[in-house]
Amino acid sequence: MPLTKSKDILDQDLIGQGGAKLGVIRETFVDLDTGKIEFLVVEAPGLIGGSGKYHPVPWAIVHYEPMAKVFQADVSKDQFKGSPSYDRTQIGSLDYAWDEQSSRYFDAGSDVTVPPV
């Protein structure tokens with residue numbers, strides 16, 4: 001089982017279908033009961049740097065490609081753009097239920113494919 005430090009995940013690009021850059025990983029959310037990463041928080045690109053909008057992406061749809069040394073999600077750029085997004089304050093609070101909204105979006109009827117483990 002390969003291990004990595006959380007700081008080595010942060011500021012990495014998340015790549016989507018066709019090699020499209022979806023954004024930059026800004027945070028990870030860990031389930032303290034299981035010790036597993038549940039979400040990556042990805043900042044979408046903006047005209048000048050980041051957009052200030054954060055998209056929670058379930059870890060279940062993300063995989064690491066060791067040959068290319070990138071994190072990938074099998075979603076199109078349009079699917080990603082349409083996913084729930086939040087500002088810094090909202091992402092810092094579970095009161096917005098962003099975890100449930102994001103899980104439903106990426107799981108419910110979208111064309112997202114969960115990579116094999």
# chains A, B, ... in the order shown; residues from 1 in each chain; ligands from 1
>>> residues_around(residues="His55 of chain A", least_positions_apart="3", cutoff="10 Å", atoms="only C-alpha atoms", output="number ranges by chain")
A: 22-26, 39-44, 52, 58, 80-87, 91, 98, 102
>>> select_by_dssp(residues="chain A", states="alpha helix (DSSP H)", output="JSON list (two decimals) with all heavy atoms, in the first residue's frame")
[["chain", "number", "residue", "atom", "x", "y", "z"],
["A", 77, "LYS", "N", -14.97, 18.07, -18.23],
["A", 77, "LYS", "CA", -14.83, 19.43, -17.71],
["A", 77, "LYS", "C", -16.22, 20.04, -17.46],
["A", 77, "LYS", "O", -16.43, 20.73, -16.47],
["A", 77, "LYS", "CB", -14.01, 20.28, -18.67],
["A", 77, "LYS", "CG", -13.58, 21.59, -18.06],
["A", 77, "LYS", "CD", -12.44, 22.21, -18.85],
["A", 77, "LYS", "CE", -11.93, 23.40, -18.09],
["A", 77, "LYS", "NZ", -10.56, 23.32, -17.74],
["A", 78, "ASP", "N", -17.17, 19.78, -18.36],
["A", 78, "ASP", "CA", -18.52, 20.30, -18.19],
["A", 78, "ASP", "C", -19.21, 19.70, -16.96],
["A", 78, "ASP", "O", -19.91, 20.40, -16.24],
["A", 78, "ASP", "CB", -19.37, 20.05, -19.43],
["A", 78, "ASP", "CG", -18.98, 20.97, -20.59],
["A", 78, "ASP", "OD1", -18.34, 22.02, -20.34],
["A", 78, "ASP", "OD2", -19.30, 20.62, -21.74],
["A", 79, "GLN", "N", -19.03, 18.39, -16.74],
["A", 79, "GLN", "CA", -19.60, 17.77, -15.55],
["A", 79, "GLN", "C", -19.02, 18.41, -14.29],
["A", 79, "GLN", "O", -19.74, 18.69, -13.34],
["A", 79, "GLN", "CB", -19.33, 16.26, -15.51],
["A", 79, "GLN", "CG", -20.14, 15.46, -16.49],
["A", 79, "GLN", "CD", -19.66, 14.02, -16.54],
["A", 79, "GLN", "OE1", -18.46, 13.76, -16.63],
["A", 79, "GLN", "NE2", -20.60, 13.10, -16.48],
["A", 80, "PHE", "N", -17.71, 18.62, -14.30],
["A", 80, "PHE", "CA", -17.07, 19.22, -13.15],
["A", 80, "PHE", "C", -17.60, 20.64, -12.92],
["A", 80, "PHE", "O", -17.93, 21.02, -11.80],
["A", 80, "PHE", "CB", -15.55, 19.24, -13.33],
["A", 80, "PHE", "CG", -14.83, 19.88, -12.18],
["A", 80, "PHE", "CD1", -14.65, 19.21, -10.98],
["A", 80, "PHE", "CD2", -14.35, 21.18, -12.29],
["A", 80, "PHE", "CE1", -14.01, 19.80, -9.91],
["A", 80, "PHE", "CE2", -13.69, 21.79, -11.23],
["A", 80, "PHE", "CZ", -13.53, 21.11, -10.04],
["A", 81, "LYS", "N", -17.68, 21.44, -13.99],
["A", 81, "LYS", "CA", -18.18, 22.81, -13.87],
["A", 81, "LYS", "C", -19.60, 22.84, -13.30],
["A", 81, "LYS", "O", -19.97, 23.77, -12.60],
["A", 81, "LYS", "CB", -18.18, 23.51, -15.22],
["A", 81, "LYS", "CG", -16.83, 23.98, -15.68],
["A", 81, "LYS", "CD", -16.97, 24.69, -17.02],
["A", 81, "LYS", "CE", -15.67, 25.24, -17.52],
["A", 81, "LYS", "NZ", -15.83, 25.91, -18.82],
["A", 88, "ARG", "N", -15.04, 29.78, 0.37],
["A", 88, "ARG", "CA", -14.16, 29.31, 1.45],
["A", 88, "ARG", "C", -14.94, 29.12, 2.76],
["A", 88, "ARG", "O", -14.76, 28.14, 3.47],
["A", 88, "ARG", "CB", -13.01, 30.30, 1.63],
["A", 88, "ARG", "CG", -12.10, 30.06, 2.79],
["A", 88, "ARG", "CD", -11.33, 28.79, 2.77],
["A", 88, "ARG", "NE", -10.31, 28.72, 1.74],
["A", 88, "ARG", "CZ", -9.69, 27.59, 1.44],
["A", 88, "ARG", "NH1", -9.96, 26.48, 2.08],
["A", 88, "ARG", "NH2", -8.79, 27.56, 0.51],
["A", 89, "THR", "N", -15.82, 30.05, 3.10],
["A", 89, "THR", "CA", -16.60, 29.94, 4.34],
["A", 89, "THR", "C", -17.53, 28.73, 4.30],
["A", 89, "THR", "O", -17.63, 27.98, 5.27],
["A", 89, "THR", "CB", -17.42, 31.23, 4.58],
["A", 89, "THR", "OG1", -16.52, 32.33, 4.63],
["A", 89, "THR", "CG2", -18.21, 31.14, 5.87],
["A", 90, "GLN", "N", -18.21, 28.55, 3.19],
["A", 90, "GLN", "CA", -19.15, 27.44, 3.06],
["A", 90, "GLN", "C", -18.44, 26.10, 3.14],
["A", 90, "GLN", "O", -18.93, 25.17, 3.77],
["A", 90, "GLN", "CB", -19.92, 27.55, 1.74],
["A", 90, "GLN", "CG", -20.85, 28.74, 1.70],
["A", 90, "GLN", "CD", -21.38, 29.00, 0.30],
["A", 90, "GLN", "OE1", -20.68, 28.85, -0.69],
["A", 90, "GLN", "NE2", -22.64, 29.42, 0.23],
["A", 91, "ILE", "N", -17.30, 25.98, 2.48],
["A", 91, "ILE", "CA", -16.59, 24.70, 2.47],
["A", 91, "ILE", "C", -16.04, 24.37, 3.86],
["A", 91, "ILE", "O", -15.82, 23.22, 4.20],
["A", 91, "ILE", "CB", -15.48, 24.67, 1.39],
["A", 91, "ILE", "CG1", -15.24, 23.25, 0.89],
["A", 91, "ILE", "CG2", -14.19, 25.27, 1.87],
["A", 91, "ILE", "CD1", -16.30, 22.70, 0.04],
["A", 98, "TRP", "N", -22.55, 20.30, 2.03],
["A", 98, "TRP", "CA", -21.84, 20.16, 0.76],
["A", 98, "TRP", "C", -21.40, 18.72, 0.52],
["A", 98, "TRP", "O", -21.34, 18.28, -0.62],
["A", 98, "TRP", "CB", -20.67, 21.12, 0.67],
["A", 98, "TRP", "CG", -19.63, 21.00, 1.74],
["A", 98, "TRP", "CD1", -19.46, 21.81, 2.83],
["A", 98, "TRP", "CD2", -18.59, 20.01, 1.84],
["A", 98, "TRP", "NE1", -18.41, 21.39, 3.59],
["A", 98, "TRP", "CE2", -17.86, 20.27, 3.00],
["A", 98, "TRP", "CE3", -18.22, 18.92, 1.05],
["A", 98, "TRP", "CZ2", -16.77, 19.50, 3.41],
["A", 98, "TRP", "CZ3", -17.13, 18.15, 1.45],
["A", 98, "TRP", "CH2", -16.42, 18.45, 2.62],
["A", 99, "ASP", "N", -21.12, 17.98, 1.59],
["A", 99, "ASP", "CA", -20.70, 16.59, 1.42],
["A", 99, "ASP", "C", -21.81, 15.75, 0.82],
["A", 99, "ASP", "O", -21.58, 14.98, -0.12],
["A", 99, "ASP", "CB", -20.21, 16.01, 2.74],
["A", 99, "ASP", "CG", -21.20, 16.14, 3.88],
["A", 99, "ASP", "OD1", -22.07, 17.05, 3.86],
["A", 99, "ASP", "OD2", -21.12, 15.33, 4.82],
["A", 100, "GLU", "N", -23.04, 15.93, 1.30],
["A", 100, "GLU", "CA", -24.18, 15.17, 0.77],
["A", 100, "GLU", "C", -24.50, 15.61, -0.66],
["A", 100, "GLU", "O", -24.77, 14.77, -1.53],
["A", 100, "GLU", "CB", -25.39, 15.37, 1.66],
["A", 100, "GLU", "CG", -25.23, 14.78, 3.05],
["A", 100, "GLU", "CD", -26.35, 15.19, 3.99],
["A", 100, "GLU", "OE1", -27.42, 15.62, 3.50],
["A", 100, "GLU", "OE2", -26.14, 15.10, 5.21],
["A", 101, "GLN", "N", -24.48, 16.91, -0.90],
["A", 101, "GLN", "CA", -24.80, 17.43, -2.23],
["A", 101, "GLN", "C", -23.80, 16.93, -3.27],
["A", 101, "GLN", "O", -24.18, 16.51, -4.37],
["A", 101, "GLN", "CB", -24.84, 18.95, -2.21],
["A", 101, "GLN", "CG", -25.95, 19.51, -1.38],
["A", 101, "GLN", "CD", -25.83, 21.01, -1.19],
["A", 101, "GLN", "OE1", -25.15, 21.70, -1.94],
["A", 101, "GLN", "NE2", -26.47, 21.54, -0.15],
["A", 102, "SER", "N", -22.54, 16.97, -2.91],
["A", 102, "SER", "CA", -21.50, 16.54, -3.84],
["A", 102, "SER", "C", -21.58, 15.03, -4.09],
["A", 102, "SER", "O", -21.47, 14.58, -5.23],
["A", 102, "SER", "CB", -20.13, 16.91, -3.29],
["A", 102, "SER", "OG", -19.13, 16.53, -4.19],
["A", 103, "SER", "N", -21.81, 14.27, -3.04],
["A", 103, "SER", "CA", -21.93, 12.81, -3.19],
["A", 103, "SER", "C", -23.09, 12.47, -4.12],
["A", 103, "SER", "O", -22.96, 11.63, -5.00],
["A", 103, "SER", "CB", -22.13, 12.13, -1.84],
["A", 103, "SER", "OG", -20.97, 12.22, -1.07],
["A", 104, "ARG", "N", -24.22, 13.14, -3.91],
["A", 104, "ARG", "CA", -25.39, 12.89, -4.77],
["A", 104, "ARG", "C", -25.09, 13.26, -6.21],
["A", 104, "ARG", "O", -25.44, 12.55, -7.15],
["A", 104, "ARG", "CB", -26.60, 13.66, -4.27],
["A", 104, "ARG", "CG", -27.41, 12.94, -3.23],
["A", 104, "ARG", "CD", -28.79, 13.55, -3.03],
["A", 104, "ARG", "NE", -28.78, 14.99, -2.87],
["A", 104, "ARG", "CZ", -28.65, 15.62, -1.71],
["A", 104, "ARG", "NH1", -28.52, 14.94, -0.60],
["A", 104, "ARG", "NH2", -28.67, 16.94, -1.66],
["A", 105, "TYR", "N", -24.45, 14.40, -6.42],
["A", 105, "TYR", "CA", -24.17, 14.86, -7.78],
["A", 105, "TYR", "C", -23.28, 13.85, -8.52],
["A", 105, "TYR", "O", -23.58, 13.48, -9.66],
["A", 105, "TYR", "CB", -23.48, 16.23, -7.76],
["A", 105, "TYR", "CG", -23.11, 16.69, -9.16],
["A", 105, "TYR", "CD1", -24.05, 17.33, -9.95],
["A", 105, "TYR", "CD2", -21.84, 16.46, -9.69],
["A", 105, "TYR", "CE1", -23.73, 17.74, -11.24],
["A", 105, "TYR", "CE2", -21.52, 16.87, -10.97],
["A", 105, "TYR", "CZ", -22.46, 17.50, -11.74],
["A", 105, "TYR", "OH", -22.15, 17.90, -13.01],
["A", 106, "PHE", "N", -22.22, 13.44, -7.92],
["A", 106, "PHE", "CA", -21.27, 12.56, -8.60],
["A", 106, "PHE", "C", -21.75, 11.11, -8.66],
["A", 106, "PHE", "O", -21.24, 10.33, -9.44],
["A", 106, "PHE", "CB", -19.89, 12.64, -7.96],
["A", 106, "PHE", "CG", -19.16, 13.91, -8.30],
["A", 106, "PHE", "CD1", -19.03, 14.93, -7.38],
["A", 106, "PHE", "CD2", -18.62, 14.09, -9.56],
["A", 106, "PHE", "CE1", -18.35, 16.10, -7.70],
["A", 106, "PHE", "CE2", -17.95, 15.26, -9.90],
["A", 106, "PHE", "CZ", -17.82, 16.27, -8.96],
["A", 107, "ASP", "N", -22.75, 10.78, -7.84],
["A", 107, "ASP", "CA", -23.23, 9.40, -7.81],
["A", 107, "ASP", "C", -24.55, 9.23, -8.57],
["A", 107, "ASP", "O", -24.81, 8.18, -9.12],
["A", 107, "ASP", "CB", -23.42, 8.95, -6.36],
["A", 107, "ASP", "CG", -23.68, 7.47, -6.24],
["A", 107, "ASP", "OD1", -23.05, 6.70, -6.99],
["A", 107, "ASP", "OD2", -24.50, 7.09, -5.41]]
>>> closest_atom_pairs(of="segment 23-62 of chain A", to="segment 70-75 of chain A", cutoff="9 Å", atoms="only C-alpha atoms", output="CSV")
residue,atom,partner,partner_atom,distance
A:Val57,CA,A:Ala73,CA,8.8
A:Ile61,CA,A:Ala73,CA,5.8
A:Val62,CA,A:Ala73,CA,4.7
>>> atom_distance(atom1="atom CA of Asp8 of chain A", atom2="atom CA of Leu94 of chain A")
24.7 Å
